[in-house]
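What follows is the content of work31.cif, which has mmCIF, C-alpha atoms:
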```
data_data
#
loop_
_atom_site.label_atom_id
_atom_site.label_comp_id
_atom_site.auth_asym_id
_atom_site.auth_seq_id
_atom_site.Cartn_x
_atom_site.Cartn_y
_atom_site.Cartn_z
CA MET A 247 -44.73 199.08 72.55
CA LEU A 248 -42.73 200.76 75.31
CA ARG A 249 -45.93 202.23 76.72
CA LEU A 250 -47.52 198.78 76.82
CA LEU A 251 -44.41 197.34 78.48
CA ARG A 252 -44.81 199.74 81.37
CA ARG A 253 -48.14 198.08 82.17
CA SER A 254 -47.21 194.46 81.54
CA PHE A 255 -44.69 192.40 79.58
CA LEU A 256 -47.61 190.41 78.12
CA ASP A 257 -49.48 193.19 76.36
CA ILE A 258 -47.05 193.57 73.45
CA TRP A 259 -47.52 190.18 71.73
CA PRO A 260 -49.68 190.02 68.59
CA ARG A 261 -51.61 186.88 67.64
CA ALA A 262 -48.90 185.94 65.12
CA ALA A 263 -46.36 185.61 67.95
CA PHE A 264 -48.22 182.51 69.16
CA GLU A 265 -47.61 180.83 65.80
CA ARG A 266 -44.02 181.78 64.87
CA GLU A 267 -40.99 179.70 65.91
CA PHE A 268 -38.33 182.41 65.82
CA LEU A 269 -38.70 186.18 65.79
CA HIS A 270 -36.30 189.11 65.42
CA ARG A 271 -37.03 192.72 66.25
CA ARG A 272 -34.95 195.88 66.51
CA VAL A 273 -35.98 197.90 69.56
CA LEU A 274 -34.28 201.31 69.47
CA LEU A 275 -30.58 200.35 69.22
CA ARG A 276 -30.83 196.79 70.56
CA ASP A 277 -31.47 193.57 68.60
CA VAL A 278 -34.03 191.26 70.20
CA PHE A 279 -34.28 187.58 69.24
CA ILE A 280 -37.20 185.45 70.49
CA CYS A 281 -36.82 181.67 70.62
CA ASN A 282 -40.32 180.22 70.35
CA SER A 283 -39.93 176.52 69.62
CA PRO A 284 -38.39 173.56 71.46
CA ALA A 285 -35.54 173.49 68.94
CA THR A 286 -34.59 177.17 69.26
CA VAL A 287 -35.02 177.08 73.04
CA GLN A 288 -32.66 174.12 73.23
CA GLU A 289 -30.18 175.84 70.92
CA ALA A 290 -30.04 179.02 73.00
CA PHE A 291 -30.40 177.80 76.60
CA LEU A 292 -28.56 174.47 76.39
CA GLU A 293 -26.28 174.16 73.37
CA HIS A 294 -25.07 177.78 73.61
CA ALA A 295 -25.84 178.43 77.27
CA ALA A 296 -22.47 180.08 77.93
CA THR A 297 -23.13 182.72 75.26
CA TYR A 298 -26.63 183.49 76.54
CA GLU A 299 -26.06 182.98 80.26
CA ARG A 300 -26.32 186.57 81.48
CA LYS A 301 -29.70 187.95 82.56
CA SER A 302 -30.97 190.99 80.68
CA PRO A 303 -29.96 194.46 81.89
CA GLN A 304 -33.58 195.26 82.76
CA MET A 305 -33.91 192.18 84.98
CA ARG A 306 -30.56 192.71 86.68
CA HIS A 307 -31.25 196.35 87.50
CA ALA A 308 -34.87 195.71 88.51
CA LEU A 309 -33.92 193.02 91.03
CA LYS A 310 -30.58 194.30 92.32
CA PRO A 311 -32.16 196.40 95.10
CA LEU A 312 -33.86 193.24 96.39
CA LEU A 313 -31.29 190.52 95.72
CA GLY A 314 -27.91 192.27 95.46
CA ASP A 315 -25.60 189.91 93.58
CA GLY A 316 -27.78 186.88 94.42
CA LEU A 317 -27.88 183.73 92.35
CA PHE A 318 -30.90 184.80 90.30
CA ILE A 319 -29.10 187.72 88.64
CA SER A 320 -25.37 186.94 88.99
CA ASP A 321 -23.38 185.25 86.21
CA GLY A 322 -19.91 183.95 85.33
CA PRO A 323 -17.55 182.56 88.01
CA LEU A 324 -19.53 184.20 90.85
CA TRP A 325 -22.74 182.45 89.76
CA LYS A 326 -20.96 179.09 89.48
CA GLU A 327 -19.44 179.42 92.95
CA ARG A 328 -22.70 180.42 94.60
CA ARG A 329 -24.73 177.71 92.88
CA ARG A 330 -22.41 175.02 94.22
CA VAL A 331 -23.26 176.17 97.73
CA VAL A 332 -26.94 177.00 97.30
CA ALA A 333 -28.21 174.23 94.99
CA PRO A 334 -27.97 171.41 97.59
CA VAL A 335 -30.15 173.42 100.01
CA THR A 336 -33.41 172.67 98.11
CA HIS A 337 -32.27 169.54 96.25
CA VAL A 338 -34.98 167.01 95.40
CA SER A 339 -33.35 164.52 97.77
CA ARG A 340 -34.42 166.76 100.69
CA LEU A 341 -38.09 167.00 99.73
CA ALA A 342 -39.37 164.56 102.33
CA GLU A 343 -37.83 166.53 105.21
CA LEU A 344 -39.01 169.87 103.80
CA CYS A 345 -42.67 168.89 103.38
CA PRO A 346 -44.04 168.71 106.98
CA PRO A 347 -44.12 172.53 107.32
CA ILE A 348 -46.10 172.69 104.06
CA THR A 349 -48.76 170.34 105.41
CA GLU A 350 -48.90 172.14 108.76
CA ALA A 351 -49.23 175.63 107.30
CA ALA A 352 -51.85 174.55 104.74
CA ALA A 353 -53.91 172.81 107.46
CA GLU A 354 -53.76 175.96 109.60
CA ARG A 355 -54.94 178.04 106.64
CA ALA A 356 -57.88 175.66 106.16
CA GLU A 357 -58.88 176.12 109.81
CA ALA A 358 -58.61 179.90 109.45
CA TRP A 359 -60.84 179.77 106.36
CA ALA A 360 -63.40 177.65 108.22
CA ALA A 361 -63.72 180.40 110.84
CA ARG A 362 -64.45 183.09 108.24
CA ASP A 363 -67.84 184.34 107.12
CA PRO A 364 -68.25 182.64 103.70
CA ALA A 365 -70.32 185.60 102.49
CA GLN A 366 -67.31 187.91 102.80
CA PRO A 367 -64.84 187.69 99.90
CA ILE A 368 -61.14 187.17 100.50
CA ASP A 369 -58.21 188.32 98.39
CA MET A 370 -56.94 184.94 97.22
CA LEU A 371 -53.71 186.43 95.87
CA ALA A 372 -52.85 187.88 99.28
CA GLU A 373 -54.02 184.68 101.05
CA MET A 374 -51.70 182.53 98.97
CA GLY A 375 -48.90 185.06 99.49
CA HIS A 376 -49.25 184.79 103.27
CA LEU A 377 -49.45 180.99 103.10
CA THR A 378 -46.33 180.57 101.00
CA ALA A 379 -44.44 183.17 103.04
CA GLU A 380 -45.27 181.13 106.12
CA ILE A 381 -44.07 177.92 104.47
CA ILE A 382 -40.86 179.43 103.17
CA CYS A 383 -40.10 180.88 106.55
CA ARG A 384 -40.65 177.58 108.33
CA THR A 385 -38.53 175.64 105.87
CA ILE A 386 -35.78 178.22 105.34
CA PHE A 387 -35.57 179.79 108.78
CA GLY A 388 -36.90 176.96 110.93
CA ARG A 389 -39.38 179.14 112.83
CA GLN A 390 -42.78 180.69 112.28
CA LEU A 391 -42.84 184.05 110.59
CA GLY A 392 -45.02 186.33 112.69
CA GLY A 393 -48.23 187.56 111.11
CA GLN A 394 -47.14 191.19 111.09
CA ALA A 395 -43.79 190.34 109.47
CA ALA A 396 -45.48 188.10 106.89
CA ALA A 397 -47.89 190.89 105.98
CA SER A 398 -44.94 193.27 105.64
CA VAL A 399 -43.08 190.99 103.22
CA VAL A 400 -46.15 190.20 101.09
CA SER A 401 -47.33 193.81 100.82
CA ALA A 402 -43.81 195.16 100.29
CA PHE A 403 -43.11 192.84 97.37
CA ALA A 404 -46.48 193.68 95.80
CA GLU A 405 -45.61 197.37 96.14
CA TYR A 406 -42.14 196.76 94.69
CA GLN A 407 -43.62 195.07 91.62
CA ARG A 408 -46.03 197.96 91.04
CA ALA A 409 -43.28 200.56 91.38
CA VAL A 410 -40.17 199.06 89.78
CA GLY A 411 -39.21 200.13 86.27
CA GLN A 412 -40.30 197.72 83.53
CA THR A 413 -38.27 199.15 80.66
CA ASP A 414 -34.56 199.85 80.52
CA LEU A 415 -34.23 202.65 77.99
CA ILE A 416 -30.56 203.13 78.88
CA SER A 417 -29.84 199.58 77.72
CA LEU A 418 -32.09 199.80 74.65
CA LEU A 419 -30.22 202.93 73.60
CA GLY A 420 -26.95 201.00 73.71
CA LEU A 421 -25.53 202.88 76.71
CA PRO A 422 -23.17 201.07 79.12
CA ASP A 423 -24.32 198.81 81.95
CA TRP A 424 -22.51 200.83 84.62
CA MET A 425 -24.74 203.85 84.12
CA PRO A 426 -27.08 204.11 87.15
CA ARG A 427 -30.77 203.28 86.73
CA TRP A 428 -33.29 205.36 88.62
CA GLN A 429 -35.87 203.55 90.72
CA PRO A 430 -38.88 205.26 92.32
CA PRO A 431 -38.57 206.04 96.04
CA ARG A 432 -41.46 203.70 96.89
CA ALA A 433 -39.59 200.80 95.25
CA ARG A 434 -36.53 201.57 97.36
CA ARG A 435 -38.67 201.79 100.50
CA ALA A 436 -40.28 198.43 99.72
CA SER A 437 -36.90 196.75 99.24
CA ARG A 438 -35.70 198.14 102.57
CA ARG A 439 -38.79 196.76 104.33
CA ILE A 440 -38.12 193.28 102.94
CA ALA A 441 -34.41 193.46 103.81
CA ALA A 442 -35.20 194.43 107.40
CA VAL A 443 -37.47 191.41 107.89
CA LEU A 444 -34.96 189.01 106.35
CA ASP A 445 -32.01 190.41 108.29
CA GLY A 446 -33.90 190.04 111.55
CA LEU A 447 -34.79 186.42 110.80
CA ILE A 448 -31.26 185.55 109.73
CA ASP A 449 -29.82 187.07 112.90
CA SER A 450 -32.25 185.20 115.12
CA VAL A 451 -31.46 181.86 113.48
CA LEU A 452 -27.67 182.22 113.35
CA SER A 453 -27.32 183.72 116.83
CA ALA A 454 -29.07 180.75 118.47
CA PRO A 455 -26.35 178.45 119.88
CA SER A 456 -28.22 175.25 119.08
CA GLY A 457 -31.11 176.27 116.91
CA GLU A 458 -33.27 173.77 115.06
CA ALA A 459 -32.18 172.55 111.66
CA SER A 460 -33.08 174.91 108.83
CA LEU A 461 -32.11 175.64 105.27
CA ILE A 462 -30.51 178.89 106.36
CA ARG A 463 -28.31 177.07 108.83
CA SER A 464 -27.44 174.49 106.18
CA MET A 465 -26.50 177.24 103.74
CA ALA A 466 -24.48 179.09 106.39
CA GLU A 467 -22.52 175.93 107.08
CA GLY A 468 -22.05 175.05 103.41
CA VAL A 469 -18.69 175.63 101.76
CA ASN A 470 -17.62 176.16 98.20
CA PRO A 471 -16.11 172.80 97.15
CA THR A 472 -13.58 174.64 94.99
CA THR A 473 -12.32 177.21 97.49
CA GLY A 474 -13.25 175.54 100.77
CA GLN A 475 -14.64 178.89 101.94
CA ARG A 476 -18.06 179.83 103.28
CA MET A 477 -20.01 182.78 101.88
CA ASP A 478 -19.42 186.14 103.50
CA ARG A 479 -22.28 187.82 105.34
CA GLU A 480 -23.46 190.01 102.45
CA ALA A 481 -23.42 187.13 99.98
CA PHE A 482 -25.26 184.95 102.48
CA ARG A 483 -27.95 187.58 102.99
CA ASN A 484 -28.41 188.00 99.22
CA GLU A 485 -28.84 184.26 98.67
CA ALA A 486 -31.30 184.07 101.56
CA ALA A 487 -33.30 186.80 99.82
CA VAL A 488 -33.26 184.79 96.57
CA LEU A 489 -34.55 181.68 98.36
CA PHE A 490 -37.26 183.59 100.19
CA MET A 491 -38.53 185.74 97.33
CA ALA A 492 -38.35 183.06 94.63
CA GLY A 493 -39.94 180.44 96.87
CA HIS A 494 -42.71 182.68 98.15
CA GLU A 495 -43.82 184.76 95.18
CA THR A 496 -43.87 182.25 92.33
CA THR A 497 -45.75 179.53 94.24
CA ALA A 498 -48.27 182.05 95.60
CA ASN A 499 -49.04 183.22 92.06
CA THR A 500 -49.36 179.64 90.80
CA LEU A 501 -51.84 178.78 93.55
CA ALA A 502 -53.86 181.95 92.98
CA TRP A 503 -54.13 181.19 89.27
CA ALA A 504 -55.06 177.56 90.02
CA TRP A 505 -57.98 178.69 92.21
CA TYR A 506 -59.10 181.06 89.49
CA LEU A 507 -58.98 178.34 86.81
CA LEU A 508 -60.80 175.83 89.00
CA SER A 509 -63.51 178.40 89.72
CA GLN A 510 -64.13 178.56 85.96
CA CYS A 511 -64.16 174.78 85.49
CA PRO A 512 -66.59 173.08 87.92
CA HIS A 513 -65.90 169.50 86.81
CA ALA A 514 -62.15 169.92 87.39
CA ALA A 515 -62.77 171.57 90.76
CA ALA A 516 -65.05 168.72 91.81
CA ARG A 517 -62.47 166.14 90.74
CA VAL A 518 -59.71 167.83 92.74
CA GLY A 519 -62.03 167.99 95.74
CA ARG A 520 -62.89 164.28 95.55
CA GLU A 521 -59.25 163.28 95.13
CA ALA A 522 -58.15 165.42 98.07
CA ALA A 523 -61.04 164.46 100.36
CA ALA A 524 -60.29 160.76 99.78
CA LEU A 525 -57.07 161.21 101.77
CA GLY A 526 -59.10 161.89 104.89
CA ARG A 527 -56.50 164.31 106.27
CA PRO A 528 -54.21 167.16 105.18
CA ALA A 529 -52.01 166.09 102.28
CA THR A 530 -48.47 164.94 103.05
CA PHE A 531 -45.40 164.10 100.98
CA ALA A 532 -46.35 160.41 101.11
CA ASP A 533 -49.72 161.23 99.53
CA LEU A 534 -48.28 162.67 96.30
CA PRO A 535 -48.83 159.43 94.30
CA ARG A 536 -52.53 159.61 95.28
CA LEU A 537 -52.92 163.13 93.87
CA PRO A 538 -52.30 162.75 90.12
CA PHE A 539 -55.14 165.04 89.03
CA THR A 540 -54.22 167.74 91.55
CA ARG A 541 -50.67 167.67 90.22
CA ALA A 542 -52.03 167.86 86.65
CA VAL A 543 -54.04 170.95 87.63
CA VAL A 544 -50.87 172.60 88.93
CA GLU A 545 -48.89 171.67 85.81
CA GLU A 546 -51.65 172.96 83.51
CA THR A 547 -51.78 176.16 85.56
CA LEU A 548 -48.03 176.54 85.08
CA ARG A 549 -48.54 176.11 81.34
CA LEU A 550 -51.25 178.76 81.04
CA TYR A 551 -49.87 181.19 83.64
CA PRO A 552 -46.12 180.56 84.09
CA PRO A 553 -44.92 182.54 87.16
CA VAL A 554 -42.01 184.02 85.18
CA PRO A 555 -43.45 184.23 81.66
CA LEU A 556 -40.45 185.90 80.04
CA LEU A 557 -36.82 184.73 80.34
CA ALA A 558 -34.47 187.35 78.91
CA ARG A 559 -30.71 186.97 78.44
CA GLU A 560 -27.94 189.14 77.04
CA ALA A 561 -25.46 187.75 74.49
CA VAL A 562 -22.02 188.06 76.10
CA THR A 563 -20.28 187.30 72.78
CA GLU A 564 -21.38 187.20 69.14
CA GLY A 565 -23.35 184.04 68.40
CA GLU A 566 -25.81 182.38 66.06
CA LEU A 567 -29.39 181.16 66.48
CA ALA A 568 -31.63 179.48 63.91
CA GLY A 569 -29.01 180.33 61.28
CA ARG A 570 -29.12 184.04 62.15
CA ARG A 571 -26.16 186.08 63.38
CA VAL A 572 -26.68 187.35 66.94
CA PRO A 573 -24.51 190.41 67.68
CA LYS A 574 -22.87 190.75 71.06
CA GLY A 575 -25.16 192.62 73.47
CA SER A 576 -28.36 191.41 71.80
CA LEU A 577 -31.29 190.30 73.93
CA VAL A 578 -32.19 186.63 73.51
CA ILE A 579 -35.61 185.90 74.97
CA VAL A 580 -37.62 182.76 75.64
CA VAL A 581 -41.24 183.55 76.42
CA PRO A 582 -43.06 180.69 78.18
CA TRP A 583 -46.26 182.75 77.82
CA LEU A 584 -45.97 182.26 74.03
CA LEU A 585 -44.38 178.82 73.96
CA HIS A 586 -46.91 177.29 76.36
CA ARG A 587 -49.80 178.59 74.20
CA HIS A 588 -48.18 177.96 70.80
CA ALA A 589 -50.75 176.91 68.21
CA LYS A 590 -48.34 174.41 66.63
CA PHE A 591 -47.38 172.57 69.80
CA TRP A 592 -50.61 172.38 71.84
CA GLN A 593 -54.16 171.28 71.13
CA GLU A 594 -56.60 174.02 72.15
CA PRO A 595 -53.67 175.98 73.56
CA ASP A 596 -55.79 178.54 75.45
CA ALA A 597 -58.06 175.94 77.08
CA PHE A 598 -57.69 174.75 80.68
CA ARG A 599 -57.40 170.97 80.30
CA PRO A 600 -55.56 169.35 83.25
CA GLU A 601 -56.09 165.93 81.65
CA ARG A 602 -53.31 166.69 79.19
CA PHE A 603 -50.80 166.28 82.06
CA LEU A 604 -52.13 162.94 83.31
CA PRO A 605 -50.09 159.80 82.43
CA GLY A 606 -50.57 159.10 78.75
CA GLY A 607 -52.05 162.55 78.14
CA GLU A 608 -51.09 165.07 75.50
CA ALA A 609 -48.16 166.50 77.46
CA ALA A 610 -46.41 163.12 77.51
CA THR A 611 -46.04 163.23 73.72
CA LYS A 612 -44.62 166.76 73.56
CA PRO A 613 -41.03 167.74 72.75
CA ARG A 614 -38.97 168.14 75.89
CA TYR A 615 -38.62 171.93 75.82
CA VAL A 616 -42.18 172.98 75.06
CA TRP A 617 -43.11 173.31 78.79
CA ILE A 618 -40.50 175.26 80.76
CA PRO A 619 -42.13 177.04 83.74
CA PHE A 620 -38.93 176.67 85.79
CA ALA A 621 -36.56 177.70 82.95
CA ILE A 622 -34.09 175.16 81.54
CA GLY A 623 -30.38 174.54 81.13
CA PRO A 624 -27.69 175.46 83.66
CA ARG A 625 -29.91 178.17 85.17
CA VAL A 626 -32.94 175.96 85.77
CA CYS A 627 -34.67 176.82 89.05
CA THR A 628 -32.98 174.98 91.92
CA GLY A 629 -36.27 174.87 93.84
CA ALA A 630 -38.45 173.52 91.02
CA ALA A 631 -39.28 170.19 92.70
CA PHE A 632 -39.97 171.92 96.02
CA GLY A 633 -42.26 174.54 94.44
CA LEU A 634 -44.27 171.98 92.48
CA THR A 635 -44.68 169.75 95.55
CA GLU A 636 -45.65 172.73 97.72
CA ALA A 637 -48.36 173.80 95.26
CA VAL A 638 -49.84 170.29 95.02
CA LEU A 639 -49.98 169.74 98.80
CA CYS A 640 -51.45 173.19 99.51
CA LEU A 641 -54.06 172.88 96.77
CA ALA A 642 -55.13 169.41 97.93
CA THR A 643 -55.31 170.31 101.62
CA LEU A 644 -57.49 173.35 100.97
CA ALA A 645 -59.57 171.87 98.13
CA ALA A 646 -60.65 168.97 100.34
CA ARG A 647 -62.78 171.46 102.29
CA PHE A 648 -63.32 174.45 99.99
CA ALA A 649 -64.31 175.25 96.40
CA PRO A 650 -63.53 178.99 96.07
CA LYS A 651 -65.62 180.94 93.58
CA LEU A 652 -64.73 184.17 91.84
CA ALA A 653 -66.51 187.04 93.59
CA PRO A 654 -69.37 188.61 91.57
CA GLY A 655 -68.14 191.47 89.43
CA ALA A 656 -64.46 190.55 89.82
CA GLU A 657 -62.33 191.07 86.71
CA VAL A 658 -59.15 189.05 86.25
CA TYR A 659 -56.44 190.34 83.94
CA PRO A 660 -52.92 188.85 83.76
CA VAL A 661 -50.25 191.42 84.52
CA CYS A 662 -46.55 190.58 84.28
CA ARG A 663 -44.03 192.91 85.80
CA LEU A 664 -41.42 190.83 87.65
CA THR A 665 -43.81 187.87 87.93
CA LEU A 666 -47.22 187.02 86.48
CA ARG A 667 -50.11 188.02 88.76
CA PRO A 668 -53.91 188.19 88.27
CA GLY A 669 -53.79 191.95 88.74
CA ASP A 670 -53.35 193.46 92.19
CA SER A 671 -55.92 191.24 93.90
CA LEU A 672 -58.14 188.19 93.31
CA PRO A 673 -61.45 188.48 95.21
CA MET A 674 -63.05 185.07 95.84
CA LEU A 675 -65.77 183.58 98.01
CA LEU A 676 -64.92 180.54 100.15
CA GLU A 677 -67.66 178.09 99.23
CA ARG A 678 -67.49 175.05 101.49
CA ARG A 679 -67.69 171.52 100.18
CA PRO A 680 -70.23 169.17 101.81
CA HIS A 681 -68.73 167.96 105.11
CA GLY A 682 -65.68 170.17 104.39
#
```

Now, as a test, write the supplied structure out as structure tokens.
Amino acid sequence: MLRLLRRSFLDIWPRAAFEREFLHRRVLLRDVFICNSPATVQEAFLEHAATYERKSPQMRHALKPLLGDGLFISDGPLWKERRRVVAPVTHVSRLAELCPPITEAAAERAEAWAARDPAQPIDMLAEMGHLTAEIICRTIFGRQLGGQAAASVVSAFAEYQRAVGQTDLISLLGLPDWMPRWQPPRARRASRRIAAVLDGLIDSVLSAPSGEASLIRSMAEGVNPTTGQRMDREAFRNEAAVLFMAGHETTANTLAWAWYLLSQCPHAAARVGREAAALGRPATFADLPRLPFTRAVVEETLRLYPPVPLLAREAVTEGELAGRRVPKGSLVIVVPWLLHRHAKFWQEPDAFRPERFLPGGEAATKPRYVWIPFAIGPRVCTGAAFGLTEAVLCLATLAARFAPKLAPGAEVYPVCRLTLRPGDSLPMLLERRPHG
């Protein structure tokens, strides 16, 4: 199992795991409990959230070189203080003002695609990475991220994912958290490349005497309502890294998977194309009500290929789940990859059926916690509404003109390390729609 984990977190699950509602395993010296039903997910992540708040040792140590003590991996009082400052930055109430850069960047990508030779395949995973990096930069930093810098961030994070350790044997052996974890030199180099780009952007935004409005400036000016203090420079940089990496990587993967799924389902691809083309222009925030099927495609993609398909926590005190004693230090895991494909909760769970997310469709009748691509409870993703909106607008703007097809001979295999990717690349051909 540990050998399989080094390749991908998804390769260890037997068929029975997609049918059970609660599982317990002993891995070396650590108890592992898997909540795999809406009831057990609610029990762990909502009713007993304080007990299972802390991220797993593996996740904390894997992301610390990138995010420091950022919101994604911090816990306790520090997490609560930071969230009060950071959460308003991407709140749903700000969506309308955050969307114009999405439309602009997606329209520019469509023009770039139109200038390409359609006989030459593109790497759709990298394309979506560059697009979402551009969008995040424009919304967070208020200026365009140069092509060279964008390429550096996208390639560095891909390299980091390939290099970073996927198993934490020190933790599984019951050894203390303070013991240092070794990371390969190439992972450290990749994290330094990303940090250099972010630090340069932060400096350029904050040093401008009257720069344009941006999320970074809003966060820099935000204060902790409890202490009345602003974040110090290191904390600010770490939270900027969280916003950038979470906003760029997860949406890029979602879009890449959506293109793959649509390439395998011609009738769904045609329906998205018709819906998007009917707008007559690049999709905007105001167009969202006119894109119900495109949104359903994104939501079904998030069900089949959740960007973070494994949510692992560490029990900070002794607890109980599903009537079982949970010792302190145990790992409590919710696996959207299993839950979203659970044979008991979904009809044809492995099938791509966007219609299930249309009004009145199958998803509307499901228990609340059977679809959790953005996590749930106190640690639910603060940028969930932004990410979903971004994916819908980008997909619609590009699908109005293109119907990408999987390149001949391409093999797609889901690999989860920090996030869920279709391997290292996704070669596709940019087939144009009529009049696209």

Excluding range 543-557 of chain A and any residue of its chain fewer than 5 positions from it, enumerate the residues within 6 Å of it, using all atoms listed in the file, and give them as JSON, numbers by chain. {"A": [496, 504, 579, 580, 581, 582, 583, 586, 600, 619, 665, 666]}

Give the answer as one residue: which of A:Arg647, A:Arg438, A:Arg663, A:Arg261 has the shortest atom-to-atom distance to Ala360 in chain A, using all atoms listed in the file? A:Arg647

Any chance you could work out the residue set of the PyMOL selection byres ((chain A and resi 369) around 10) here, as JSON, numbers by chain? {"A": [367, 368, 370, 371, 372, 373, 374, 375, 502, 653, 670, 671, 672, 673, 674, 675]}

If you count all atoms listed in the file, which residues fall within 10 Å of His494 in chain A, apart from same-chain ones fewer than 3 positions away, as number ranges by chain? A: 374-383, 399-400, 488-491, 497-499, 633

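Distance-wise, CA of Tyr406 in chain A and CA of Arg432 in chain A end up 7.3 Å apart.
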
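Coordinates place CA of Arg602 in chain A at a distance of 15.0 Å from CA of His588 in chain A.
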
Among A:Ala263, A:Leu652, A:Ile622, A:Val562, Trp505 in chain A is approached most closely, using all atoms listed in the file, by A:Leu652

Atomic separation - CA of Arg300 in chain A relative to CA of Ile258 in chain A, Å: 23.3 Å

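Near Lys574 in chain A, within 9 Å and counting only C-alpha atoms, sit Glu560, Ala561, Val562, Thr563, Glu564 and Gly565 of chain A, not including residues fewer than 4 positions from it in the same chain.
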
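In terms of minimum interatomic distance to Ala333 in chain A, A:Thr628 ranks closest within A:Gln366, A:Thr628, A:Ser401, A:Thr540, counting only C-alpha atoms.
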
With a distance cut-off of 9 Å and all atoms listed in the file, select the neighbouring residues of Ala290 in chain A, excluding the residue or stretch itself and same-chain residues fewer than 2 positions from it, and output the selection as an MDAnalysis selection string. chainID A and resid 281 285:288 292:295 297:298 566:567 578 580
